[in-house]
Every structure is written in C-alpha cells, then in structure tokens.
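Novice: Below is the file entry03.txt, which contains compact mmCIF, C-alpha atoms.
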# COMPACT_ATOMS: atom_id res chain seq x y z
CA MET U 730 50.95 -12.63 6.67
CA ALA U 731 48.10 -12.82 4.17
CA GLU U 732 44.77 -13.95 5.51
CA PRO U 733 43.43 -17.13 3.97
CA ALA U 734 40.87 -16.45 1.25
CA ARG U 735 37.33 -16.58 2.53
CA PRO U 736 34.42 -17.36 0.26
CA ALA U 737 31.43 -15.05 0.14
CA GLN U 738 28.94 -15.49 2.96
CA ALA U 739 25.31 -16.10 2.10
CA LEU U 740 23.31 -12.90 1.69
CA ASN U 741 20.18 -14.45 3.13
CA ARG U 742 21.56 -15.69 6.44
CA ASN U 743 22.09 -14.00 9.80
CA ALA U 744 21.27 -10.29 9.64
CA GLY U 745 20.58 -10.79 5.94
CA ARG U 746 17.45 -12.65 6.98
CA ILE U 747 16.03 -9.45 8.47
CA LEU U 748 17.28 -7.32 5.58
CA VAL U 749 15.50 -9.51 3.03
CA PHE U 750 12.26 -9.33 4.97
CA VAL U 751 12.33 -5.53 5.15
CA TYR U 752 13.11 -5.45 1.43
CA GLY U 753 10.12 -7.71 0.85
CA VAL U 754 7.80 -5.46 2.83
CA LEU U 755 8.98 -2.42 0.87
CA ALA U 756 8.69 -4.27 -2.44
CA PHE U 757 5.12 -5.18 -1.54
CA ALA U 758 4.28 -1.61 -0.53
CA ALA U 759 5.86 -0.15 -3.66
CA THR U 760 4.09 -2.68 -5.89
CA GLY U 761 0.73 -1.98 -4.29
CA ARG U 762 1.20 1.73 -4.68
CA ALA U 763 2.42 1.50 -8.29
CA SER U 764 -0.43 -0.84 -9.31
CA PHE U 765 -2.97 1.53 -7.82
CA GLU U 766 -1.44 4.53 -9.60
CA LEU U 767 -1.20 2.61 -12.85
CA ALA U 768 -4.82 1.51 -12.65
CA THR U 769 -6.40 4.80 -11.58
CA LYS U 770 -4.37 7.83 -12.62
CA PHE U 771 -1.49 6.90 -14.89
CA ASP U 772 -2.67 9.30 -17.65
CA LYS U 773 -2.39 12.30 -15.34
CA ALA U 774 1.36 12.02 -14.87
CA PRO U 775 2.90 9.15 -16.87
CA VAL U 776 6.51 10.00 -15.99
CA PRO U 777 6.31 10.03 -12.16
CA TYR U 778 3.97 7.07 -12.12
CA GLY U 779 6.16 5.23 -14.62
CA LEU U 780 9.03 5.87 -12.23
CA SER U 781 6.90 4.45 -9.45
CA VAL U 782 6.43 1.23 -11.44
CA LEU U 783 10.16 1.05 -12.15
CA ALA U 784 10.95 1.55 -8.46
CA ALA U 785 8.59 -1.28 -7.52
CA LEU U 786 10.12 -3.63 -10.09
CA VAL U 787 13.65 -2.96 -8.87
CA TYR U 788 12.59 -3.58 -5.26
CA ILE U 789 11.17 -6.92 -6.32
CA VAL U 790 14.41 -7.79 -8.15
CA ALA U 791 16.51 -6.71 -5.15
CA THR U 792 14.39 -8.75 -2.72
CA TRP U 793 14.61 -11.81 -4.94
CA ALA U 794 18.37 -11.43 -5.50
CA LEU U 795 19.11 -11.01 -1.78
CA ALA U 796 16.75 -13.83 -0.79
CA THR U 797 18.35 -16.26 -3.25
CA ASP U 798 21.93 -15.09 -2.67
CA ARG U 799 22.51 -13.62 -6.15
CA ARG U 800 25.22 -11.10 -5.45
CA ARG U 801 25.70 -9.90 -9.02
CA VAL U 802 22.04 -9.00 -9.38
CA ALA U 803 21.66 -7.59 -5.87
CA LEU U 804 24.49 -5.07 -6.15
CA PRO U 805 23.21 -3.12 -9.19
CA ALA U 806 19.61 -3.32 -7.93
CA VAL U 807 20.54 -1.88 -4.53
CA CYS U 808 22.72 0.81 -6.15
CA PHE U 809 19.84 1.73 -8.46
CA GLU U 810 17.55 2.19 -5.46
CA LEU U 811 20.03 4.39 -3.67
CA ALA U 812 20.46 6.51 -6.80
CA GLY U 813 16.69 6.63 -7.27
CA VAL U 814 15.84 7.72 -3.75
CA LEU U 815 18.57 10.38 -3.81
CA ALA U 816 17.64 11.70 -7.27
CA VAL U 817 13.88 11.79 -6.63
CA GLY U 818 14.41 13.08 -3.09
CA ILE U 819 16.53 15.98 -4.28
CA GLY U 820 14.22 16.50 -7.24
CA SER U 821 11.16 16.71 -5.01
CA LEU U 822 12.94 19.33 -2.90
CA VAL U 823 13.99 21.46 -5.87
CA TRP U 824 10.94 21.19 -8.13
CA SER U 825 8.25 20.24 -5.62
CA SER U 826 5.34 21.03 -7.97
CA ASP U 827 6.57 18.55 -10.59
CA PHE U 828 6.71 15.66 -8.14
CA PRO U 829 3.15 14.95 -7.09
CA GLU U 830 3.39 12.02 -4.67
CA ALA U 831 5.44 10.30 -7.33
CA SER U 832 6.70 7.14 -5.67
CA VAL U 833 7.98 5.61 -2.47
CA TRP U 834 11.09 7.70 -3.20
CA SER U 835 9.41 11.13 -2.91
CA ASP U 836 10.97 13.36 -0.23
CA PHE U 837 13.57 10.65 0.44
CA GLY U 838 10.83 8.19 1.36
CA VAL U 839 9.41 10.18 4.28
CA GLY U 840 6.01 8.51 3.83
CA TYR U 841 7.67 5.19 4.58
CA GLY U 842 9.68 6.32 7.60
CA TYR U 843 12.76 6.97 5.43
CA VAL U 844 13.10 3.20 5.04
CA PRO U 845 13.61 3.63 1.24
CA LEU U 846 16.64 5.84 2.03
CA VAL U 847 18.14 3.72 4.82
CA LEU U 848 17.57 0.30 3.27
CA PRO U 849 19.88 0.55 0.22
CA VAL U 850 22.65 1.87 2.48
CA LEU U 851 22.21 -1.14 4.78
CA GLY U 852 22.03 -3.36 1.69
CA LEU U 853 25.36 -2.07 0.40
CA LEU U 854 26.96 -2.48 3.84
CA TRP U 855 25.68 -6.04 3.97
CA LEU U 856 26.98 -6.84 0.47
CA TRP U 857 30.34 -5.43 1.56
CA ARG U 858 30.50 -7.35 4.84
CA THR U 859 29.62 -10.70 3.27
CA ARG U 860 31.89 -10.28 0.25
CA PRO U 861 34.52 -12.90 -0.63
CA ARG U 862 38.00 -11.91 0.48
CA MET Y 648 -9.61 3.98 16.33
CA GLY Y 649 -11.98 1.12 16.92
CA LEU Y 650 -11.87 -1.64 19.49
CA ILE Y 651 -10.28 -4.09 17.06
CA GLN Y 652 -7.38 -1.72 16.38
CA TRP Y 653 -6.77 -1.21 20.10
CA VAL Y 654 -6.79 -4.96 20.75
CA LEU Y 655 -4.46 -5.42 17.78
CA GLY Y 656 -2.12 -2.75 19.08
CA ILE Y 657 -1.98 -4.49 22.46
CA THR Y 658 -1.34 -7.98 21.02
CA CYS Y 659 1.41 -6.51 18.80
CA ALA Y 660 3.00 -4.84 21.83
CA VAL Y 661 2.85 -8.09 23.83
CA ALA Y 662 4.27 -10.03 20.85
CA LEU Y 663 7.09 -7.51 20.56
CA VAL Y 664 7.97 -7.88 24.24
CA VAL Y 665 7.87 -11.69 24.06
CA VAL Y 666 10.12 -11.73 20.98
CA LEU Y 667 12.56 -9.19 22.46
CA VAL Y 668 12.83 -11.26 25.65
CA GLN Y 669 13.71 -14.32 23.55
CA ILE Y 670 16.34 -12.30 21.71
CA ALA Y 671 17.79 -11.03 25.00
CA ARG Y 672 17.95 -14.57 26.39
CA ASP Y 673 19.42 -15.74 23.06
CA VAL Y 674 17.11 -18.72 22.80
CA PRO Y 675 15.23 -19.88 19.69
CA ALA Y 676 11.63 -18.89 19.09
CA SER Y 677 9.37 -20.74 21.51
CA ASN Y 678 5.74 -21.78 21.62
CA ALA Y 679 5.02 -18.54 23.45
CA VAL Y 680 6.17 -16.60 20.38
CA ASP Y 681 4.13 -18.73 18.00
CA GLY Y 682 1.10 -18.46 20.28
CA ILE Y 683 1.07 -14.69 20.56
CA LEU Y 684 1.73 -14.33 16.82
CA ALA Y 685 -1.16 -16.66 16.04
CA LEU Y 686 -3.42 -14.67 18.35
CA THR Y 687 -2.34 -11.43 16.69
CA GLU Y 688 -3.04 -12.89 13.26
CA VAL Y 689 -6.55 -13.85 14.37
CA VAL Y 690 -7.20 -10.22 15.34
CA VAL Y 691 -5.79 -9.08 11.97
CA LEU Y 692 -8.23 -11.43 10.25
CA VAL Y 693 -11.09 -10.06 12.36
CA GLN Y 694 -10.02 -6.57 11.26
CA LEU Y 695 -10.08 -7.68 7.62
CA VAL Y 696 -13.59 -9.11 7.87
CA ALA Y 697 -14.92 -6.13 9.83
CA GLY Y 698 -13.23 -3.75 7.36
CA LEU Y 699 -14.69 -5.52 4.33
CA PHE Y 700 -18.16 -5.27 5.86
CA ALA Y 701 -17.71 -1.59 6.72
CA VAL Y 702 -16.01 -0.36 3.56
CA GLY Y 703 -19.28 -0.25 1.61
CA ASP Y 704 -20.43 2.58 3.86
CA ALA Y 705 -17.23 4.59 3.47
CA PRO Y 706 -17.62 8.17 2.23
CA ALA Y 707 -16.57 8.96 -1.34
CA SER Y 708 -13.45 10.72 -0.07
CA VAL Y 709 -12.08 7.37 1.13
CA SER Y 710 -10.19 5.35 -1.46
CA LYS Y 711 -11.77 1.95 -0.99
CA ALA Y 712 -9.21 0.09 -3.10
CA VAL Y 713 -6.34 1.46 -1.02
CA TYR Y 714 -8.21 0.72 2.21
CA VAL Y 715 -8.86 -2.89 1.24
CA GLY Y 716 -5.28 -3.17 -0.02
CA TYR Y 717 -3.95 -2.26 3.41
CA LEU Y 718 -6.39 -4.65 5.11
CA VAL Y 719 -5.26 -7.54 2.91
CA GLY Y 720 -1.59 -6.56 3.17
CA ALA Y 721 -1.84 -6.67 6.97
CA VAL Y 722 -3.11 -10.26 6.80
CA LEU Y 723 0.00 -11.36 4.88
CA VAL Y 724 2.70 -9.77 7.05
CA LEU Y 725 2.80 -12.16 10.01
CA PRO Y 726 2.46 -15.49 8.10
CA VAL Y 727 5.13 -14.50 5.57
CA GLY Y 728 7.43 -13.20 8.30
CA TRP Y 729 6.92 -16.34 10.36
CA LEU Y 730 7.67 -18.63 7.40
CA TRP Y 731 10.75 -16.62 6.47
CA SER Y 732 11.98 -16.76 10.07
CA GLN Y 733 11.70 -20.55 10.27
CA ALA Y 734 14.90 -21.21 8.31
CA GLU Y 735 16.86 -19.31 10.91
CA ARG Y 736 15.83 -20.31 14.42
CA SER Y 737 18.09 -17.77 16.04
CA ARG Y 738 18.29 -14.08 16.86
CA SER Y 739 18.05 -13.24 13.15
CA GLY Y 740 14.85 -15.21 12.74
CA LEU Y 741 13.45 -13.46 15.80
CA GLY Y 742 14.61 -10.16 14.28
CA VAL Y 743 12.39 -10.89 11.29
CA LEU Y 744 9.46 -11.31 13.69
CA VAL Y 745 10.31 -7.99 15.37
CA VAL Y 746 10.01 -6.27 11.98
CA ALA Y 747 6.76 -8.10 11.25
CA VAL Y 748 5.06 -7.06 14.51
CA LEU Y 749 6.25 -3.48 14.01
CA VAL Y 750 4.80 -3.32 10.49
CA ILE Y 751 1.28 -4.12 11.75
CA PRO Y 752 0.85 -0.95 13.90
CA PHE Y 753 2.25 1.07 10.99
CA LEU Y 754 -0.46 -0.39 8.75
CA ILE Y 755 -3.13 0.39 11.39
CA LEU Y 756 -2.00 4.01 11.38
CA ARG Y 757 -2.19 4.13 7.59
CA LEU Y 758 -5.70 2.66 7.66
CA HIS Y 759 -6.59 5.34 10.16
CA GLN Y 760 -5.22 8.03 7.83
CA ILE Y 761 -7.07 6.64 4.81
CA TRP Y 762 -10.41 6.55 6.64
CA PRO Y 763 -10.13 8.92 9.63
CA GLY Y 764 -12.22 8.02 12.62
CA HIS Y 765 -12.85 4.51 11.42
CA GLY Y 766 -9.90 2.29 10.49
Let's see the structure in the file written out as structure tokens.
Specialist:
Amino acid sequence: MAEPARPAQALNRNAGRILVFVYGVLAFAATGRASFELATKFDKAPVPYGLSVLAALVYIVATWALATDRRRVALPAVCFELAGVLAVGIGSLVWSSDFPEASVWSDFGVGYGYVPLVLPVLGLLWLWRTRPR
Amino acid sequence: MGLIQWVLGITCAVALVVVLVQIARDVPASNAVDGILALTEVVVLVQLVAGLFAVGDAPASVSKAVYVGYLVGAVLVLPVGWLWSQAERSRSGLGVLVVAVLVIPFLILRLHQIWPGHG
C-alpha cells in the first residue's frame, strides 16, 4: 500500500536548527578570512583568494537558504561546497605549492577541524531526510 | 594563556555540562543555562577589552587585524547562538548552545596561535 504523500519538513527545525548554526559559524569564519585576504594580499594570488571569496559567498547563501527553508537554493549551494572542498582538497594534495593557504577548503578544511568537509555531507543528508515524499 | 582565557575555558566547560545535563533530562533550557551563558559572555567581553588594550603592544609578527577579528567574533557567538536557539526550546535549541560553547574554546586556541604566549 502506498504511503500517504508527506510534505517537505522545514529545513530550519529540529536538527536543522543546529545545522544552520554551524553553517553560520563557518560562513562567518570564511567571510572574515576572505575579507582579510582581499584587503591585504589579493594581488599576490588572485585566483586562490578569489576562490576564497567565492567560498565565503556560497556559505552565506547556504546558511540563508537553510535558515529560511529555501530548499531549491540550499541544494545547489551545499553541492557546490562539497565539490569545492573535494576539488581544492585534492588539488592542495597534488599541487601543494600552488595552493598557499587558499581558503577554508585547503587540505579538506583541516584548519577548521574538517568541518568544511563534514558539513555539506550532513547538509545533503538533512535535505534528503526532510524531502517531500 | 592568561588568566582570562583560563576562566573562560572553565565557564565554557561548566556551561557545556549544564547544557548537556538539560539535554539528557530532555527539558527545555532553564535559567541555569541562561545564567552560565551570560556569565561566559561577560568573560568574553572582558577578554575583548583586555585584548584591545594589549594589541597595541603586539610584536610586528602578530597580525593585529586577525587578532581583533577573532576577539570580536568571539563576542558574537553566544548571543547569536542563544537568539537562534530561542525558537526551538527543545533538545535542538540546546544543541545549538552546545555548538556555541564549543566554538569559544576553539577561538581561544586560535587567538593563542596568532599571538603565542599572550592570547
């Protein structure tokens, strides 16, 4: 027998409350870091530091989308972060000299307790669990 | 680490225990939680003021902007976490507070790395 359709659950309730807060902390950290790099040493390595700014912006978007229950914005933002942390993490392993402390994503986010690696995975799991079905 | 950081570490540890006990008992956040968080925030503010006074004497190797950034960031964590937790007076709201009181010691460690022997 088919289960009755269930609407999507709010992204910002229950465990989502904690998820949003951790996203917010990371968004704040990434923004602080990117602003500092932009203000003091952007000319030295525009590409990594540009990436850092992009990472910060996407964390802000993801935090906002999760906090305000915007599923269609949250999903691509969280996927982008997962792709970013994996790409930059692998990149910093392979070409370590070209990745000078680039962003919160360097070395899979080791400087932030691997939170940048774990968080998008938890985000995707949460989007999946709360989906309409 | 200085006296302020030790006191802050202790109040964070006490806050963590109080919040975890509430979670284990599955009761909403109580006055005890709000009290210990408020006390912790006072110590964070003391750290900010002391840090702002001290940072002028920091050696050139210390990035003052980053140091002040961490000091100011630390001040925001508990109030924002507390406000965010208010909409959900349950285990999840308390979970937000757990994260908030864990972030503070992490920031203390970073301050210590930025200015070794001082922050």
Novice: Pull out every residue of chain Y sitting within 7 Å of chain U, counting all atoms listed in the file, and send them as an mmCIF file with C-alpha atoms, keeping the file's coordinate frame.
Specialist:
data_model
loop_
_atom_site.group_PDB
_atom_site.id
_atom_site.type_symbol
_atom_site.label_atom_id
_atom_site.label_comp_id
_atom_site.auth_asym_id
_atom_site.auth_seq_id
_atom_site.Cartn_x
_atom_site.Cartn_y
_atom_site.Cartn_z
ATOM 1 C CA SER Y 739 18.050 -13.240 13.150
ATOM 2 C CA GLY Y 740 14.850 -15.210 12.740
ATOM 3 C CA GLY Y 742 14.610 -10.160 14.280
ATOM 4 C CA VAL Y 743 12.390 -10.890 11.290
#
Novice: Can you pull out the residues contacting Ile683 of chain Y? Cut-off 10 Å, using all atoms listed in the file, and skip same-chain residues under 5 positions away; I want them as number ranges by chain.
Specialist: Y: 658-659, 661-663, 665-666, 678, 688-689
Novice: Would you kindly return, as a compact mmCIF listing (two decimals) with C-alpha atoms, in the frame of the given file, each protein, DNA or RNA residue with an atom no farther than 8 Å from any atom of Val807 of chain U, considering all atoms listed in the file and excluding same-chain residues fewer than 2 positions away?
Specialist:
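Result written to out30.txt:
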# COMPACT_ATOMS: atom_id res chain seq x y z
CA ALA U 791 16.51 -6.71 -5.15
CA ALA U 803 21.66 -7.59 -5.87
CA LEU U 804 24.49 -5.07 -6.15
CA PRO U 805 23.21 -3.12 -9.19
CA PHE U 809 19.84 1.73 -8.46
CA GLU U 810 17.55 2.19 -5.46
CA LEU U 811 20.03 4.39 -3.67
CA PRO U 849 19.88 0.55 0.22
CA GLY U 852 22.03 -3.36 1.69
CA LEU U 853 25.36 -2.07 0.40
Novice: Give me the residues within 9 Å of Leu699 of chain Y as a list in words, counting all atoms listed in the file and dropping any in the same chain fewer than 5 places off.
Specialist: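 Here the qualifying residues turn out to be Gln694, Val715 and Leu718 of chain Y.
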Novice: Which residues are near Ala701 of chain Y? Cut-off 10 Å, only C-alpha atoms, ignore same chain within fewer than 4 positions. Put them as a PyMOL selection string.
Specialist: chain Y and resi 695-697+705+765-766
Novice: Within 7 Å of Ala747 of chain Y, counting only C-alpha atoms, which residues qualify if same-chain residues fewer than 4 places away don't, as a ChimeraX atom specification?
Specialist: /Y:724-725,728,743,751
Novice: Suppose you want the space between atom CA of Ile755 of chain Y and atom CA of Gly840 of chain U; what is it in Å?
Specialist: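 Atom CA of Gly840 of chain U lies 14.4 Å from atom CA of Ile755 of chain Y.
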